[in-house]
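A.B. asks: Handing you this structure, nothing more for now.
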Amino acid sequence: MNRSFFNSIRTKLIVSFLVVALIPLLLLAFINKQTTEKALTDNARQALYAEAHETANRIDGFIDANLNAVRVEAILPGLAAYLGLPPERRDGSPEEMLATETLTRLSRKDMLNIISYALLNLKGRNVLDTNTPDVGRDESDQDYFQEPLKTQLPFVSSIRQSPTIPNLVTLFFSSPVSDAKGNILGVLRVTYNATSVQQLVTHETEHAGAKSLAVLLDEHYIHLAHSTTPELLFKSIVPLSPNVVAKLQREGRLPKTLTKELAINLPDLKQALDTKQPYLTTRLAATGNNELSLLAIAHLKYKPWSVLFAQPIAVALAPVEKQIQDALLLLAIIATIVTIIAFAIAQLLTKPVIYLTEAVAQFTAGHLDMRVKMRSQDEIGLLARSFNSMARQIQESFETLEDKVKERTAELANANQEIITLNEKLKVDNLRLGAELNVARHIQQMILPNPDELEIDGLDIAGYMEPADEVGGDYYDVLQIDGVVTLAIGDVTGHGLESGILMLMAQTSVRTLQEIRELDPVRFLDVLNRTLYKNVQRMNSERSLTLAILSYSEGLISISGQHEETLVVRKNGDVERIDTMELGFPIALDDDIAGFISQILIKLEPGDGVVLYTDGIPEAYNIRKKQYGLKQLCEVISQNWHKSAAEVKDAVIVDVRQHIGKQKVFDDITLLVFKRQPDITEKGNLVNNIISQKVCYNEAESLRNTL
């Protein structure tokens, strides 16, 4: 009985319909579930990492802005004049009044977050403070006093609790105060309300998704900010050693309470931080939520801190549960419909299908004149007519097969000839285009400074440029007229023929302005910009370029124009990074940029120098997608600065090449090394007088704007 049932065509049709319909649906549902879960998890991780990275950038930007601010404020002449007085002459002196007024005005620029400004003498004694109770306090053991004296650079401290004001967390910015000769007289210290940093951490949580949280950890894994559990502030994610706890408590970075109350237990998170993992899946039980959560980790640039964004994985995968329910309901509906349809079709098709099967068997046996006689107008009848039509076509095809083969062979031969003709034309076009690019590249290399132009008395100069494609968009030049040495470096957006043409126009314009003795940086860059802007508009192009112009004379160099950071290297190898973002505007992007152009002046002692580069060096990737980085560039320059300019240039290029390895070079690489030789005395000239006048004017204007 069972055998006859399962051997019937109707049963096989029903079973086959169900198998064909349901198995792909089940497989598709499973694959879709896995794919959706992975996509949702990846999207959630990327969203969390984007928010963590954005928050880290915001904190870095906050620190960078305040470091730059305190560095500039520390050079205000009133502060140096006060610290330069003997202690017995300070009380009631005009210098004290000016310094006090300066500190008071500085503290008022952000009365919500700035707690106080203070001057510390070389012994760490607080000699002047907008918070007068702190005057006379010994702060010599504080890192914000010791580090600026050691590095001669601005410094930002760690976040710590205020010893006098409950629930107040502070952050200190400091910078050395020097006289005109560069002698350090003391330290300018700013006490900042660190609540603003905590607000930066919690600000982005609303964009990270439901139930997300944000955390800021310092180098000891101590919570500096927590968006959902503020009671975890100043607690570490793992227990710290007693010595470390005691040291941090003395510094005010941990509350003075029992050691066991100062830590929670998240070893997985500590391991992820130690191994620099960007993502982690773990449980944050200490926060009161034991759900499995996705974490994204970003690290700050200026401090060894980490920003974490977390979200329960169930929140990210919530759409999958609804998808499974819908899939099961759809599966049941389809199974019912398929069973009914299969049963009906089996009933209707059993007899005619058998007849068609027998007819097909005879046809395949060689009876090409076999035809099906069926008058039904349904699908079976259509199938029968289709079979008859197919049988006729096959029979005719066999009879006319030889003629059709010859016809098809002729068509293929014609098509092949057309392909050969098109290939020949393509070769010609490629040769022509290659010749045009070779000419442009040759012209580009011809206008670079030759070795004789780099031989200037008292200076040691070396340059290098390598385009990413046949024609690059980088540009550098070294010009000398009337004792003034002009250095120019630029980077056109993109590369290729169009970028190379714009680079040639820029070189010609710079040469022309230098020949007509245009010394004012604003007029120089303004005329250059208007010239190139009109040409770019005529070309109907969207290209622009960053461009920095440096003028050197008798140990003084001026820098103007917006480009990458300018590296000023002292004779002992110390590297000072000069940000040029506020010194200009991209060339050929707008018709009037005069209002954006300014300059800074830097004194170069014998043995000092300048290194210029384009972004093709710090942004060079290796096979693991890691950038070369400005930090590594500065280290190589510092380690080799005792050598000649050419040797410094070669050391950098070799190091960059080793970093890139087998990875393709995606951007032009340009480097210019400029050193003042220690055994040459330069002669004064008219340009130096002009530059000296600009020094006085800019210093006075800077003081007026600050006050």
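Following the order of the structure tokens, chains are lettered A, B, ..., residues in each are numbered from 1, and ligands are numbered from 1.
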Apply DSSP to the structure's backbone, then extract all residues of segment 217-295 of chain A labelled strand (DSSP E or B) and return them as JSON, numbers by chain.
C.D. replies: {"A": [217, 222, 223, 224, 225, 226, 236, 263, 279, 280, 281, 282, 283, 292, 293, 294, 295]}
A.B. asks: As JSON, numbers by chain, please: every residue in segment 128-303 of chain A that DSSP puts in alpha helix (DSSP H).
C.D. replies: {"A": [143, 144, 145, 146, 147, 148, 149, 150, 151, 195, 196, 197, 198, 199, 200, 201, 202, 203, 242, 243, 244, 245, 246, 247, 248, 249, 250, 267, 268, 269, 270, 271, 272, 273, 274]}
A.B. asks: List as a list in words the protein and nucleic acid residues near Ser558 of chain A, meaning an atom at most 7 Å away when only C-alpha atoms are counted, but skip any in the same chain fewer than 6 places from it.
C.D. replies: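 The residues satisfying every condition are Leu550, Ser551, Tyr552, Gln599, Ile600, Leu601 and Ile602 of chain A.
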A.B. asks: Could you work out how far atom CA of Asp608 of chain A lies from atom CA of Pro678 of chain A, giving the answer in Å with one decimal?
C.D. replies: 8.4 Å
A.B. asks: If you count only C-alpha atoms, which residues fall within 9 Å of Phe145 of chain A, apart from same-chain ones fewer than 3 positions away, as a list in words?
C.D. replies: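 The filter keeps Leu120, Leu122, Gly124, Glu139, Ser140, Asp141, Gln142, Pro148, Leu149, Phe155, Ser174, Ser175, Pro176, Gly186, Val187, Leu188 and Arg189 of chain A.
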A.B. asks: Any chance you could export the current selection's C-alpha atoms as a compact mmCIF listing (two decimals), in the first residue's frame?
C.D. replies:
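To be explicit, this is the file written out as out.txt:
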# COMPACT_ATOMS: atom_id res chain seq x y z
CA LEU A 120 55.14 80.28 38.49
CA LEU A 122 61.69 79.00 38.20
CA GLY A 124 57.76 76.54 41.14
CA GLU A 139 53.79 73.97 42.87
CA SER A 140 57.28 72.75 42.01
CA ASP A 141 56.31 69.09 42.41
CA GLN A 142 53.53 69.30 39.81
CA PRO A 148 57.40 72.67 30.31
CA LEU A 149 60.80 73.39 31.86
CA PHE A 155 51.92 70.74 28.38
CA SER A 174 51.02 75.20 30.96
CA SER A 175 53.78 76.69 28.84
CA PRO A 176 57.26 78.10 29.55
CA GLY A 186 58.96 80.75 34.59
CA VAL A 187 55.77 78.92 33.66
CA LEU A 188 52.28 80.14 32.71
CA ARG A 189 49.68 77.78 34.24
A.B. asks: Near segment 225-237 of chain A, counting only C-alpha atoms, which residues have an atom at most 7 Å away, once you skip same-chain residues fewer than 5 positions from it, shown as a VMD selection string?
C.D. replies: chain A and resid 198 201 to 202 213 to 216 254 262 to 266 287
A.B. asks: Could you please determine the separation between atom CA of Gln325 of chain A and atom CA of Ile313 of chain A in Å, to one decimal place?
C.D. replies: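 These atoms are spaced 19.1 Å apart.
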A.B. asks: Taking only residues of segment 323-372 of chain A that have an atom at most 9 Å from an atom of segment 384-397 of chain A, what is each one's shortest atom pair and its distance in Å to one decimal, using only C-alpha atoms, in chain and number order, as CSV?
C.D. replies:
residue,atom,partner,partner_atom,distance
A:Leu356,CA,A:Ala384,CA,7.2
A:Val360,CA,A:Phe387,CA,8.4
A:Phe363,CA,A:Ala391,CA,8.0
A:Leu368,CA,A:Gln395,CA,6.1
A:Asp369,CA,A:Ala391,CA,7.5
A:Met370,CA,A:Ala391,CA,7.5
A:Arg371,CA,A:Asn388,CA,5.5
A:Val372,CA,A:Ala384,CA,6.2
A.B. asks: Taking 3 positions as the minimum chain separation for residues in the same chain, which residues sit within 10 Å of Asn68 of chain A when counting only C-alpha atoms? Answer as a list of chain:residue names.
C.D. replies: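 Selected residues are A:Ile63, A:Asp64, A:Ala65, A:Arg71, A:Val72, A:Glu73, A:Ala74, A:Pro154, A:Phe155, A:Phe173, A:Ser175.
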A.B. asks: Next, dump the selected residues to file, keeping only N, CA and C atoms, as a PDB file, in the first residue's frame.
C.D. replies:
ATOM      1  N   ILE A  63      42.210  69.816  23.309  1.00  0.00           N
ATOM      2  CA  ILE A  63      43.547  69.895  23.900  1.00  0.00           C
ATOM      3  C   ILE A  63      44.478  70.702  23.005  1.00  0.00           C
ATOM      4  N   ASP A  64      44.420  70.444  21.701  1.00  0.00           N
ATOM      5  CA  ASP A  64      45.300  71.151  20.761  1.00  0.00           C
ATOM      6  C   ASP A  64      45.042  72.649  20.782  1.00  0.00           C
ATOM      7  N   ALA A  65      43.758  73.027  20.794  1.00  0.00           N
ATOM      8  CA  ALA A  65      43.427  74.458  20.808  1.00  0.00           C
ATOM      9  C   ALA A  65      43.950  75.127  22.068  1.00  0.00           C
ATOM     10  N   ARG A  71      50.451  78.438  24.606  1.00  0.00           N
ATOM     11  CA  ARG A  71      51.771  78.734  24.027  1.00  0.00           C
ATOM     12  C   ARG A  71      51.856  80.181  23.565  1.00  0.00           C
ATOM     13  N   VAL A  72      50.805  80.644  22.884  1.00  0.00           N
ATOM     14  CA  VAL A  72      50.789  82.037  22.405  1.00  0.00           C
ATOM     15  C   VAL A  72      50.707  83.005  23.571  1.00  0.00           C
ATOM     16  N   GLU A  73      49.855  82.679  24.561  1.00  0.00           N
ATOM     17  CA  GLU A  73      49.694  83.578  25.705  1.00  0.00           C
ATOM     18  C   GLU A  73      50.986  83.709  26.496  1.00  0.00           C
ATOM     19  N   ALA A  74      51.810  82.637  26.527  1.00  0.00           N
ATOM     20  CA  ALA A  74      53.037  82.669  27.318  1.00  0.00           C
ATOM     21  C   ALA A  74      54.080  83.627  26.757  1.00  0.00           C
ATOM     22  N   PRO A 154      54.530  73.482  25.338  1.00  0.00           N
ATOM     23  CA  PRO A 154      53.283  73.497  26.124  1.00  0.00           C
ATOM     24  C   PRO A 154      52.962  72.095  26.630  1.00  0.00           C
ATOM     25  N   PHE A 155      52.211  72.023  27.732  1.00  0.00           N
ATOM     26  CA  PHE A 155      51.918  70.740  28.383  1.00  0.00           C
ATOM     27  C   PHE A 155      50.479  70.723  28.866  1.00  0.00           C
ATOM     28  N   PHE A 173      46.782  73.340  31.837  1.00  0.00           N
ATOM     29  CA  PHE A 173      47.583  73.628  30.652  1.00  0.00           C
ATOM     30  C   PHE A 173      48.701  74.576  31.088  1.00  0.00           C
ATOM     31  N   SER A 175      52.788  76.429  29.888  1.00  0.00           N
ATOM     32  CA  SER A 175      53.779  76.687  28.841  1.00  0.00           C
ATOM     33  C   SER A 175      54.903  77.516  29.437  1.00  0.00           C
TER      34      SER A 175
END
A.B. asks: If we count only C-alpha atoms and set the cut-off at 9 Å, which residues sit around segment 319-322 of chain A, ignoring sequence neighbours fewer than 5 positions away in its own chain? Please answer as a CSV table (one decimal) with N, CA and C atoms, in the first residue's frame.
C.D. replies:
chain,number,residue,atom,x,y,z
A,33,LYS,N,19.4,35.3,7.6
A,33,LYS,CA,19.6,35.6,9.0
A,33,LYS,C,21.1,35.8,9.4
A,36,THR,N,22.2,39.1,7.7
A,36,THR,CA,21.7,40.3,8.4
A,36,THR,C,22.3,40.5,9.7
A,37,GLU,N,22.5,39.4,10.5
A,37,GLU,CA,23.2,39.6,11.8
A,37,GLU,C,24.6,40.2,11.6
A,40,LEU,N,24.3,43.8,10.5
A,40,LEU,CA,23.9,44.7,11.6
A,40,LEU,C,25.0,44.9,12.6
A,327,ALA,N,9.5,35.2,8.6
A,327,ALA,CA,9.9,34.1,7.7
A,327,ALA,C,9.1,32.9,8.0
A.B. asks: Check the smallest atom-to-atom distance from each of A:Leu525, A:Ile345, A:Ile481, A:Leu331 to Leu27 of chain A using only C-alpha atoms, then report the winner.
C.D. replies: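 Nearest to Leu27 of chain A: A:Leu331.
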A.B. asks: As an exercise, work out the distance from atom CA of Met465 of chain A to atom CA of Gln445 of chain A in Å and give it to one decimal place.
C.D. replies: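 Atom CA of Gln445 of chain A lies 9.0 Å from atom CA of Met465 of chain A.
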